[in-house]
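Structure file entry.txt (compact mmCIF, C-alpha atoms and all ligand atoms) is printed below.
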```txt
# COMPACT_ATOMS: atom_id res chain seq x y z
CA MET B 1 0.00 0.00 0.00
CA ASP B 2 1.00 3.62 -0.52
CA PHE B 3 1.80 5.52 2.64
CA LYS B 4 2.68 9.18 2.85
CA LYS B 5 2.49 11.83 5.54
CA THR B 6 -0.97 13.37 5.93
CA LYS B 7 -1.66 17.06 5.22
CA GLY B 8 -3.33 17.11 8.62
CA LEU B 9 0.11 17.41 10.24
CA THR B 10 2.40 20.42 9.88
CA ASP B 11 6.08 19.99 9.01
CA ALA B 12 7.20 20.73 12.58
CA PRO B 13 9.27 17.87 14.05
CA LEU B 14 7.47 16.32 17.04
CA HIS B 15 9.22 16.99 20.36
CA TYR B 16 8.15 13.66 21.90
CA CYS B 17 10.70 11.19 23.28
CA PRO B 18 11.92 8.39 20.97
CA GLY B 19 9.25 5.68 20.69
CA CYS B 20 6.54 7.67 22.49
CA THR B 21 3.23 6.72 20.86
CA HIS B 22 1.74 10.22 21.21
CA GLY B 23 3.10 10.69 17.65
CA ILE B 24 1.08 7.76 16.26
CA ILE B 25 -2.10 9.13 17.83
CA HIS B 26 -1.39 12.59 16.36
CA ARG B 27 -1.12 11.02 12.94
CA LEU B 28 -4.40 9.09 13.29
CA VAL B 29 -6.27 12.25 14.29
CA ALA B 30 -4.68 14.25 11.46
CA GLU B 31 -5.42 11.56 8.86
CA SER B 32 -9.05 11.34 10.00
CA LEU B 33 -9.53 15.11 9.70
CA GLU B 34 -7.94 15.14 6.26
CA GLU B 35 -9.97 12.17 4.98
CA LEU B 36 -13.23 13.70 6.27
CA GLY B 37 -12.33 16.96 4.49
CA VAL B 38 -12.82 19.12 7.58
CA LEU B 39 -9.29 20.43 8.26
CA ASP B 40 -10.24 23.98 7.25
CA ARG B 41 -13.13 24.13 9.71
CA THR B 42 -11.61 22.25 12.65
CA VAL B 43 -10.58 23.78 15.97
CA GLY B 44 -8.47 21.59 18.27
CA VAL B 45 -8.06 22.26 21.96
CA ALA B 46 -4.62 21.37 23.34
CA SER B 47 -4.39 20.43 27.02
CA VAL B 48 -1.54 20.48 29.55
CA GLY B 49 0.87 17.55 29.49
CA CYS B 50 3.44 16.34 26.98
CA SER B 51 0.88 17.10 24.27
CA VAL B 52 0.76 20.78 25.23
CA PHE B 53 2.46 21.70 21.94
CA THR B 54 -0.09 19.96 19.72
CA TYR B 55 -1.01 23.41 18.45
CA ASN B 56 2.28 23.32 16.50
CA TYR B 57 1.53 19.95 14.93
CA PHE B 58 -2.10 19.84 13.76
CA ASN B 59 -2.78 21.65 10.50
CA CYS B 60 -5.97 23.29 11.76
CA ASP B 61 -6.88 26.08 14.17
CA MET B 62 -5.80 25.32 17.73
CA VAL B 63 -6.47 26.78 21.17
CA GLN B 64 -4.56 26.04 24.38
CA ALA B 65 -6.69 25.35 27.46
CA ALA B 66 -5.74 25.46 31.13
CA HIS B 67 -5.01 22.10 32.77
CA GLY B 68 -8.10 19.85 32.62
CA ARG B 69 -10.39 22.51 31.17
CA ALA B 70 -10.23 21.49 27.49
CA PRO B 71 -13.81 20.06 27.36
CA ALA B 72 -15.17 23.32 28.81
CA VAL B 73 -13.22 25.39 26.27
CA ALA B 74 -14.37 23.03 23.49
CA THR B 75 -17.98 23.40 24.67
CA GLY B 76 -17.76 27.17 24.32
CA ILE B 77 -16.20 27.00 20.85
CA LYS B 78 -18.71 24.42 19.59
CA ARG B 79 -21.73 26.32 20.92
CA ALA B 80 -20.50 29.61 19.44
CA ARG B 81 -19.48 28.05 16.11
CA PRO B 82 -21.68 24.95 15.65
CA ASP B 83 -20.44 24.33 12.10
CA ASP B 84 -16.85 23.94 13.27
CA ILE B 85 -15.46 20.52 14.14
CA VAL B 86 -14.11 20.78 17.68
CA PHE B 87 -11.89 18.28 19.44
CA THR B 88 -9.73 18.06 22.55
CA TYR B 89 -6.48 16.09 22.92
CA GLN B 90 -5.86 15.29 26.58
CA GLY B 91 -3.61 13.10 28.69
CA ASP B 92 -4.77 10.99 31.64
CA GLY B 93 -3.39 13.42 34.22
CA ASP B 94 -5.25 16.21 32.46
CA LEU B 95 -8.55 14.42 31.77
CA ALA B 96 -8.89 11.98 34.66
CA ALA B 97 -7.45 14.04 37.54
CA ILE B 98 -7.79 17.84 37.47
CA GLY B 99 -10.27 17.69 34.56
CA THR B 100 -12.62 14.93 35.78
CA ALA B 101 -15.53 17.31 36.34
CA GLU B 102 -15.24 18.87 32.88
CA THR B 103 -15.06 15.41 31.30
CA VAL B 104 -18.08 13.95 33.11
CA HIS B 105 -20.27 17.02 32.66
CA SER B 106 -19.50 17.54 28.97
CA ALA B 107 -20.54 13.89 28.53
CA ALA B 108 -23.67 14.39 30.65
CA ARG B 109 -24.62 17.38 28.47
CA ASN B 110 -23.93 15.31 25.35
CA GLU B 111 -21.84 18.17 23.95
CA ASN B 112 -21.30 17.59 20.24
CA ILE B 113 -17.50 17.41 20.57
CA THR B 114 -14.80 14.76 20.11
CA ILE B 115 -12.35 13.94 22.91
CA ILE B 116 -9.08 12.12 22.23
CA PHE B 117 -7.95 10.78 25.60
CA VAL B 118 -4.35 9.54 25.71
CA ASN B 119 -3.94 7.16 28.66
CA ASN B 120 -0.30 6.35 29.41
CA ALA B 121 -0.91 5.61 33.09
CA ILE B 122 1.43 8.40 34.24
CA TYR B 123 2.09 12.15 34.35
CA GLY B 124 4.61 12.23 31.52
CA MET B 125 5.43 15.91 31.19
CA THR B 126 6.17 16.59 34.84
CA GLY B 127 8.57 13.68 35.24
CA GLY B 128 6.59 10.51 35.86
CA GLN B 129 4.36 10.98 38.90
CA MET B 130 1.48 8.62 39.70
CA ALA B 131 -1.73 9.40 37.81
CA PRO B 132 -5.31 8.37 38.66
CA THR B 133 -4.85 5.78 35.88
CA THR B 134 -1.57 4.34 37.23
CA LEU B 135 -2.01 0.57 37.65
CA PRO B 136 -2.04 -1.16 41.07
CA ASN B 137 1.59 -1.87 42.08
CA GLN B 138 2.96 0.25 39.19
CA ILE B 139 6.20 2.00 40.14
CA THR B 140 6.33 5.75 39.51
CA GLN B 141 8.29 8.67 40.96
CA THR B 142 5.61 9.15 43.63
CA SER B 143 4.88 5.44 44.17
CA PRO B 144 8.45 4.10 44.36
CA TYR B 145 7.25 0.84 45.99
CA GLY B 146 4.37 0.48 43.55
CA ARG B 147 0.87 1.99 43.71
CA ASP B 148 -0.61 0.92 47.03
CA VAL B 149 -4.38 0.87 46.50
CA THR B 150 -5.04 0.66 50.24
CA VAL B 151 -3.49 4.12 50.62
CA VAL B 152 -4.15 5.96 47.34
CA GLY B 153 -7.14 4.06 45.97
CA TYR B 154 -7.84 2.37 42.68
CA PRO B 155 -7.31 3.51 39.09
CA VAL B 156 -10.12 5.43 37.42
CA LYS B 157 -11.55 3.56 34.42
CA VAL B 158 -12.79 6.41 32.26
CA CYS B 159 -14.62 4.46 29.52
CA GLU B 160 -16.42 2.24 32.04
CA MET B 161 -17.43 5.32 34.03
CA LEU B 162 -18.67 7.30 31.03
CA SER B 163 -20.61 4.33 29.68
CA GLN B 164 -22.97 4.92 32.64
CA VAL B 165 -23.50 8.58 31.74
CA ASP B 166 -26.76 8.81 29.79
CA GLY B 167 -25.60 11.82 27.75
CA ALA B 168 -22.50 10.19 26.25
CA SER B 169 -23.03 9.01 22.66
CA TYR B 170 -19.92 7.03 21.75
CA VAL B 171 -17.15 5.78 24.02
CA GLU B 172 -14.46 3.35 22.88
CA ARG B 173 -11.06 2.23 24.18
CA VAL B 174 -8.32 1.41 21.66
CA ALA B 175 -4.53 0.98 21.74
CA VAL B 176 -1.63 1.82 19.45
CA ASN B 177 0.68 -1.06 20.41
CA ASN B 178 0.72 -2.87 17.06
CA VAL B 179 -0.27 -2.38 13.42
CA LYS B 180 -3.62 -4.14 13.76
CA ASN B 181 -4.64 -2.12 16.81
CA ILE B 182 -3.46 1.10 15.16
CA MET B 183 -5.83 0.41 12.23
CA LYS B 184 -8.67 -0.19 14.70
CA ALA B 185 -7.77 2.98 16.60
CA LYS B 186 -7.91 4.93 13.34
CA LYS B 187 -11.40 3.59 12.60
CA ALA B 188 -12.63 4.59 16.07
CA ILE B 189 -11.13 8.07 15.89
CA LYS B 190 -12.58 8.67 12.43
CA LYS B 191 -15.99 7.50 13.61
CA ALA B 192 -15.81 9.86 16.59
CA PHE B 193 -15.32 12.78 14.18
CA GLN B 194 -17.97 11.47 11.77
CA ASN B 195 -20.43 11.39 14.71
CA GLN B 196 -19.75 15.06 15.37
CA ILE B 197 -20.28 15.95 11.70
CA GLU B 198 -23.65 14.16 11.88
CA GLY B 199 -24.55 15.96 15.12
CA LYS B 200 -24.66 12.78 17.20
CA GLY B 201 -23.04 14.35 20.24
CA PHE B 202 -20.33 13.45 22.74
CA SER B 203 -17.66 10.99 21.56
CA LEU B 204 -14.60 9.99 23.56
CA ILE B 205 -11.85 7.68 22.34
CA GLU B 206 -9.44 6.47 25.01
CA VAL B 207 -6.13 5.45 23.47
CA LEU B 208 -3.72 3.30 25.51
CA SER B 209 -0.30 4.84 24.86
CA THR B 210 3.28 4.33 26.03
CA CYS B 211 5.63 6.57 27.99
CA PRO B 212 8.97 4.75 27.57
CA THR B 213 10.90 7.54 29.33
CA ASN B 214 8.93 7.61 32.58
CA TRP B 215 8.15 3.91 32.58
CA GLY B 216 11.94 3.39 32.44
CA LYS B 217 11.70 1.05 29.47
CA SER B 218 12.98 0.85 25.91
CA PRO B 219 10.32 1.72 23.29
CA ALA B 220 9.90 -2.00 22.41
CA ASP B 221 9.68 -3.05 26.08
CA ALA B 222 7.16 -0.28 26.72
CA ILE B 223 4.94 -1.71 23.96
CA LYS B 224 5.22 -5.11 25.62
CA TRP B 225 4.40 -3.64 29.04
CA LEU B 226 1.29 -2.03 27.54
CA ASP B 227 0.26 -5.42 26.09
CA ASP B 228 0.87 -7.37 29.28
CA ASN B 229 -0.39 -4.91 31.88
CA MET B 230 -2.42 -1.96 30.59
CA ALA B 231 -4.52 -3.84 28.04
CA THR B 232 -5.56 -6.39 30.66
CA TYR B 233 -6.54 -3.80 33.28
CA TYR B 234 -8.15 -1.54 30.66
CA PRO B 235 -9.89 -3.91 28.20
CA LEU B 236 -10.23 -2.61 24.64
CA GLY B 237 -13.63 -2.27 23.03
CA VAL B 238 -16.76 -0.18 22.53
CA TYR B 239 -18.22 0.88 25.90
CA LYS B 240 -21.10 2.92 24.56
CA ASP B 241 -22.59 3.48 21.13
CA LYS B 242 -26.05 5.05 21.27
CA GLU B 243 -26.47 4.64 17.53
CA ALA B 244 -25.76 0.89 17.64
CA THR B 245 -28.17 0.36 20.57
CA LYS B 246 -30.89 2.30 18.71
CA ASN B 247 -30.60 -0.05 15.74
CA ASP B 248 -30.74 -3.24 17.86
CA MET N 1 7.29 -3.66 -6.11
CA ALA N 2 7.39 -1.20 -3.24
CA LYS N 3 9.84 1.55 -2.45
CA VAL N 4 10.42 2.54 1.18
CA THR N 5 12.12 5.84 1.96
CA PHE N 6 13.14 7.30 5.31
CA ASN N 7 13.18 11.02 6.14
CA GLU N 8 16.36 10.20 7.97
CA ASP N 9 16.93 13.40 9.92
CA ARG N 10 13.49 13.07 11.53
CA CYS N 11 14.24 9.56 12.82
CA LYS N 12 14.79 9.17 16.59
CA GLY N 13 16.06 5.58 16.32
CA CYS N 14 13.27 4.20 18.52
CA GLY N 15 13.23 0.94 16.54
CA LEU N 16 9.44 0.42 16.55
CA CYS N 17 9.61 0.02 12.74
CA VAL N 18 12.25 -2.69 13.19
CA THR N 19 9.85 -4.79 15.27
CA ALA N 20 6.85 -3.99 13.01
CA CYS N 21 8.31 -5.29 9.72
CA PRO N 22 6.95 -8.83 9.17
CA LYS N 23 9.87 -9.61 6.84
CA LYS N 24 12.55 -8.28 9.26
CA LEU N 25 13.93 -5.92 6.59
CA VAL N 26 14.37 -2.81 8.76
CA GLN N 27 17.37 -2.15 11.00
CA LEU N 28 19.01 0.76 12.79
CA SER N 29 22.10 1.87 10.90
CA ASN N 30 25.57 2.43 12.36
CA ARG N 31 25.54 6.00 11.02
CA MET N 32 24.29 8.93 13.08
CA ASN N 33 21.80 11.50 11.83
CA SER N 34 21.82 15.24 12.56
CA LYS N 35 19.93 14.63 15.83
CA GLY N 36 22.57 12.13 16.99
CA TYR N 37 20.34 9.07 16.61
CA HIS N 38 21.03 5.90 14.64
CA PRO N 39 18.38 6.17 11.91
CA ALA N 40 16.33 3.25 10.60
CA GLU N 41 17.10 1.89 7.14
CA ILE N 42 15.89 -0.92 4.91
CA THR N 43 18.30 -3.78 4.29
CA ASN N 44 16.76 -5.39 1.21
CA GLN N 45 14.48 -3.14 -0.83
CA GLU N 46 13.66 -5.94 -3.30
CA ALA N 47 12.21 -8.19 -0.58
CA CYS N 48 9.75 -5.49 0.65
CA ILE N 49 6.11 -6.55 0.26
CA GLY N 50 4.80 -2.97 0.61
CA CYS N 51 2.60 -3.64 3.66
CA ALA N 52 3.64 -0.27 5.21
CA SER N 53 3.70 -1.79 8.70
CA CYS N 54 6.92 0.14 9.45
CA ALA N 55 5.30 3.44 8.40
CA ILE N 56 2.10 2.75 10.37
CA MET N 57 4.13 2.05 13.53
CA CYS N 58 6.46 5.07 13.22
CA PRO N 59 5.53 7.82 15.74
CA ASP N 60 7.39 10.49 13.74
CA THR N 61 6.05 9.87 10.20
CA VAL N 62 9.58 9.29 8.99
CA ILE N 63 8.66 6.58 6.47
CA THR N 64 7.04 6.82 3.03
CA VAL N 65 5.96 3.74 1.08
CA GLN N 66 5.32 3.93 -2.64
CA MET N 67 3.97 1.08 -4.76
CA LYS N 68 5.19 0.95 -8.34
C1 LIG Y 301 -3.24 23.92 37.26
C2 LIG Y 301 -2.04 23.04 37.04
N1 LIG Y 301 -1.74 22.06 37.91
C3 LIG Y 301 -0.68 21.25 37.71
C4 LIG Y 301 0.11 21.42 36.63
C5 LIG Y 301 1.32 20.52 36.43
N2 LIG Y 301 1.14 19.55 35.37
C6 LIG Y 301 1.61 19.78 34.13
S1 LIG Y 301 1.36 18.52 33.08
C7 LIG Y 301 0.64 17.59 34.32
C8 LIG Y 301 0.14 16.20 34.07
C9 LIG Y 301 0.43 15.67 32.72
O1 LIG Y 301 0.07 14.35 32.60
P1 LIG Y 301 -0.88 13.82 31.47
O2 LIG Y 301 -2.08 14.68 31.35
O3 LIG Y 301 -1.12 12.39 31.77
O4 LIG Y 301 -0.07 14.01 30.11
P2 LIG Y 301 1.23 13.22 29.57
O5 LIG Y 301 2.35 14.16 29.79
O6 LIG Y 301 1.36 11.96 30.36
O7 LIG Y 301 0.94 12.98 28.14
C10 LIG Y 301 0.60 18.30 35.50
C11 LIG Y 301 0.05 17.78 36.76
C12 LIG Y 301 -0.21 22.46 35.72
N3 LIG Y 301 0.51 22.69 34.62
N4 LIG Y 301 -1.28 23.26 35.95
S1 LIG Y 302 7.69 11.92 28.77
FE1 LIG Y 302 6.52 10.09 28.15
S2 LIG Y 302 4.56 10.89 27.31
FE2 LIG Y 302 6.05 12.58 27.37
S3 LIG Y 302 7.00 12.66 25.33
FE3 LIG Y 302 8.35 11.41 26.68
S4 LIG Y 302 7.67 9.29 26.39
FE4 LIG Y 302 6.03 10.64 25.59
MG MG Y 303 -0.24 10.73 30.99
```
Show how you would write the structure in this file as structure tokens.
Amino acid sequence: MDFKKTKGLTDAPLHYCPGCTHGIIHRLVAESLEELGVLDRTVGVASVGCSVFTYNYFNCDMVQAAHGRAPAVATGIKRARPDDIVFTYQGDGDLAAIGTAETVHSAARNENITIIFVNNAIYGMTGGQMAPTTLPNQITQTSPYGRDVTVVGYPVKVCEMLSQVDGASYVERVAVNNVKNIMKAKKAIKKAFQNQIEGKGFSLIEVLSTCPTNWGKSPADAIKWLDDNMATYYPLGVYKDKEATKND
Amino acid sequence: MAKVTFNEDRCKGCGLCVTACPKKLVQLSNRMNSKGYHPAEITNQEACIGCASCAIMCPDTVITVQMK
């Protein structure tokens, strides 16, 4: 097959660490926007985390939101400019810690926006602290003996949680740990944007992603760790699809 | 036949393409690029089946695959 870089990405070199799968997810979002022909009417909302510089990488209009507030900013943009395609790109520290309220309530309101949620089970940008999504017993800078759930509680499973929110339209968890899963992730991300074009409301795609640097692993070992640990704790699949249930 | 090209100076030598190639045709070279990484290269262009697995796995969109 022919493969060339999508017009949805700018020419700026990505600043991510070697082997960090943020770059794959960027490409899938950019390809989807290009293929749907909406690049010139898309507004992305960058969050705070390693992906803070996404505004340099996506070839569409971009806004930078305060930590965790991207869904609220996206809500405002979408309501003021309903014909624009509006998405957020948020890490797990951003979306599932400081931004939990914004996430849950934008889902409850069924805002017609698309959220790309990059779960790497850690705060990457700030040096590898424990996140709400850090796995039980996972070693991080702030859980040097492993996450002790009796002290700090259990990981937050965002897709499972949002599947119980009546407003949410489409919620799926995917991973970018191999070619087959990357193709599936692309399909989910594209569908999440297609839903918005058709006015179907709130779509969130959780993407399991690696952080080789803060996991202390080589890029290949990080992929394996994702396979063996993350994908078992966070099962892949569709957690909510209002459209599919309607047709049953 | 397929032609695989690498935008070498964008490569960070992460090696994810090396593990993705089903024919084991991609390796990290001994050279260094302008970033100081060992860039990925293809060892046997003729044996490439054009599946683009390497390009799909690359986080930095370094790889282009062209069928001819
Ligand atoms: C209001 C506020 N609180 C805390 C921070 C510090 N901070 C910056 S990024 C970050 C978490 C990033 O983790 P994540 O969202 O998972 O993104 P990643 O880097 O892992 O992709 C935190 C806590 C901040 N910038 N602003
Ligand atoms: S710190 Fe982790 S999440 Fe951030 S760019 Fe590096 S590998 Fe990626
Ligand atoms: Mg994170």
Hey, list the chain B side of the contact with chain N: 10 Å cut-off, only C-alpha atoms, answer as a ChimeraX atom specification.
/B:1-6,9,12-28,176-180,182-183,218-220,223
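Pairwise distance (CA of Tyr123 (chain B), CA of Gly49 (chain B)) equals 7.4 Å.
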Might you pull out every residue within 8 Å of Ser51 (chain B), with only C-alpha atoms counted and same-chain residues fewer than 2 positions away left off, and present them as a PyMOL selection string?
chain B and resi 22+46-49+53-54+89-91
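Closest to Met161 (chain B) among B:Ala222, B:Ala244, B:Ala108, B:Ile122 is B:Ala108, based on only C-alpha atoms.
Within the 6 Å cut-off around region 56-72 of chain B, using all atoms listed in the file and omitting residues fewer than 2 positions from it on the same chain, the listed residues are Gly8, Leu9, Thr10, Leu39, Thr42, Val43, Gly44, Val45, Ala46, Ser47, Val48, Phe53, Thr54, Ala74, Thr75, Asp94, Leu95, Ile98, Gly99 and Glu102 of chain B.
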Using all atoms listed in the file, which residues of the polymer chains come no farther than 6 Å from ligand LIG 302 (chain Y)? I'd like the answer as a VMD selection string.
chain B and resid 16 to 17 20 50 124 to 125 211 to 214
Selection from above, C-alpha atoms, as a PDB file, keeping the file's coordinate frame, can you write it?
```pdb
ATOM      1  CA  TYR B  16       8.150  13.660  21.900  1.00  0.00           C
ATOM      2  CA  CYS B  17      10.700  11.190  23.280  1.00  0.00           C
ATOM      3  CA  CYS B  20       6.540   7.670  22.490  1.00  0.00           C
ATOM      4  CA  CYS B  50       3.440  16.340  26.980  1.00  0.00           C
ATOM      5  CA  GLY B 124       4.610  12.230  31.520  1.00  0.00           C
ATOM      6  CA  MET B 125       5.430  15.910  31.190  1.00  0.00           C
ATOM      7  CA  CYS B 211       5.630   6.570  27.990  1.00  0.00           C
ATOM      8  CA  PRO B 212       8.970   4.750  27.570  1.00  0.00           C
ATOM      9  CA  THR B 213      10.900   7.540  29.330  1.00  0.00           C
ATOM     10  CA  ASN B 214       8.930   7.610  32.580  1.00  0.00           C
TER      11      ASN B 214
END
```
Test item: axis-aligned box, all listed atoms of region 32-39 of chain N, 5 Å on each side, centre and edges in Å rounded to one decimal, as JSON:
```
{"center_x": 21.3, "center_y": 10.6, "center_z": 14.4, "size_x": 15.9, "size_y": 19.3, "size_z": 15.2}
```
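CA of Ser203 (chain B) is found 18.6 Å from CA of Glu34 (chain B).
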Where atoms are missing, can you supply N, CA, C and O atoms for region 162-184 of chain B and output the lot as an mmCIF file, in the frame of the given file?
```
data_model
loop_
_atom_site.group_PDB
_atom_site.id
_atom_site.type_symbol
_atom_site.label_atom_id
_atom_site.label_comp_id
_atom_site.auth_asym_id
_atom_site.auth_seq_id
_atom_site.Cartn_x
_atom_site.Cartn_y
_atom_site.Cartn_z
ATOM 1 N N LEU B 162 -17.852 6.499 31.934
ATOM 2 C CA LEU B 162 -18.670 7.300 31.030
ATOM 3 C C LEU B 162 -19.761 6.481 30.346
ATOM 4 O O LEU B 162 -20.765 7.030 29.891
ATOM 5 N N SER B 163 -19.571 5.169 30.295
ATOM 6 C CA SER B 163 -20.610 4.330 29.680
ATOM 7 C C SER B 163 -21.897 4.384 30.490
ATOM 8 O O SER B 163 -22.968 4.058 29.995
ATOM 9 N N GLN B 164 -21.789 4.806 31.769
ATOM 10 C CA GLN B 164 -22.970 4.920 32.640
ATOM 11 C C GLN B 164 -23.582 6.320 32.604
ATOM 12 O O GLN B 164 -24.566 6.587 33.295
ATOM 13 N N VAL B 165 -22.969 7.213 31.841
ATOM 14 C CA VAL B 165 -23.500 8.580 31.740
ATOM 15 C C VAL B 165 -24.468 8.625 30.558
ATOM 16 O O VAL B 165 -24.067 8.416 29.416
ATOM 17 N N ASP B 166 -25.741 8.874 30.838
ATOM 18 C CA ASP B 166 -26.760 8.810 29.790
ATOM 19 C C ASP B 166 -26.444 9.704 28.590
ATOM 20 O O ASP B 166 -26.746 9.356 27.456
ATOM 21 N N GLY B 167 -25.847 10.869 28.837
ATOM 22 C CA GLY B 167 -25.600 11.820 27.750
ATOM 23 C C GLY B 167 -24.596 11.324 26.719
ATOM 24 O O GLY B 167 -24.717 11.621 25.533
ATOM 25 N N ALA B 168 -23.604 10.573 27.154
ATOM 26 C CA ALA B 168 -22.500 10.190 26.250
ATOM 27 C C ALA B 168 -23.022 9.372 25.064
ATOM 28 O O ALA B 168 -23.827 8.458 25.234
ATOM 29 N N SER B 169 -22.544 9.704 23.851
ATOM 30 C CA SER B 169 -23.030 9.010 22.660
ATOM 31 C C SER B 169 -22.149 7.828 22.264
ATOM 32 O O SER B 169 -22.634 6.758 21.944
ATOM 33 N N TYR B 170 -20.829 8.068 22.270
ATOM 34 C CA TYR B 170 -19.920 7.030 21.750
ATOM 35 C C TYR B 170 -18.639 7.042 22.562
ATOM 36 O O TYR B 170 -17.948 8.057 22.661
ATOM 37 N N VAL B 171 -18.330 5.906 23.171
ATOM 38 C CA VAL B 171 -17.150 5.780 24.020
ATOM 39 C C VAL B 171 -16.442 4.476 23.673
ATOM 40 O O VAL B 171 -17.033 3.395 23.770
ATOM 41 N N GLU B 172 -15.195 4.566 23.232
ATOM 42 C CA GLU B 172 -14.460 3.350 22.880
ATOM 43 C C GLU B 172 -13.022 3.439 23.391
ATOM 44 O O GLU B 172 -12.444 4.519 23.441
ATOM 45 N N ARG B 173 -12.473 2.277 23.774
ATOM 46 C CA ARG B 173 -11.060 2.230 24.180
ATOM 47 C C ARG B 173 -10.277 1.443 23.135
ATOM 48 O O ARG B 173 -10.666 0.329 22.770
ATOM 49 N N VAL B 174 -9.182 2.035 22.675
ATOM 50 C CA VAL B 174 -8.320 1.410 21.660
ATOM 51 C C VAL B 174 -6.878 1.485 22.145
ATOM 52 O O VAL B 174 -6.594 2.032 23.210
ATOM 53 N N ALA B 175 -5.954 0.920 21.373
ATOM 54 C CA ALA B 175 -4.530 0.980 21.740
ATOM 55 C C ALA B 175 -3.710 1.139 20.460
ATOM 56 O O ALA B 175 -4.187 0.817 19.369
ATOM 57 N N VAL B 176 -2.489 1.639 20.622
ATOM 58 C CA VAL B 176 -1.630 1.820 19.450
ATOM 59 C C VAL B 176 -0.335 1.008 19.614
ATOM 60 O O VAL B 176 0.755 1.476 19.318
ATOM 61 N N ASN B 177 -0.496 -0.244 20.101
ATOM 62 C CA ASN B 177 0.680 -1.060 20.410
ATOM 63 C C ASN B 177 1.097 -1.995 19.277
ATOM 64 O O ASN B 177 2.129 -2.644 19.369
ATOM 65 N N ASN B 178 0.294 -2.104 18.226
ATOM 66 C CA ASN B 178 0.720 -2.870 17.060
ATOM 67 C C ASN B 178 -0.073 -2.406 15.840
ATOM 68 O O ASN B 178 -1.029 -1.629 15.988
ATOM 69 N N VAL B 179 0.323 -2.890 14.661
ATOM 70 C CA VAL B 179 -0.270 -2.380 13.420
ATOM 71 C C VAL B 179 -1.778 -2.616 13.387
ATOM 72 O O VAL B 179 -2.558 -1.729 13.035
ATOM 73 N N LYS B 180 -2.193 -3.805 13.793
ATOM 74 C CA LYS B 180 -3.620 -4.140 13.760
ATOM 75 C C LYS B 180 -4.427 -3.208 14.679
ATOM 76 O O LYS B 180 -5.463 -2.662 14.284
ATOM 77 N N ASN B 181 -3.927 -3.002 15.886
ATOM 78 C CA ASN B 181 -4.640 -2.120 16.810
ATOM 79 C C ASN B 181 -4.608 -0.666 16.351
ATOM 80 O O ASN B 181 -5.540 0.099 16.618
ATOM 81 N N ILE B 182 -3.531 -0.269 15.676
ATOM 82 C CA ILE B 182 -3.460 1.100 15.160
ATOM 83 C C ILE B 182 -4.555 1.319 14.105
ATOM 84 O O ILE B 182 -5.212 2.358 14.073
ATOM 85 N N MET B 183 -4.763 0.307 13.245
ATOM 86 C CA MET B 183 -5.830 0.410 12.230
ATOM 87 C C MET B 183 -7.196 0.537 12.902
ATOM 88 O O MET B 183 -8.050 1.306 12.481
ATOM 89 N N LYS B 184 -7.397 -0.249 13.971
ATOM 90 C CA LYS B 184 -8.670 -0.190 14.700
ATOM 91 C C LYS B 184 -8.840 1.175 15.377
ATOM 92 O O LYS B 184 -9.937 1.729 15.418
#
```
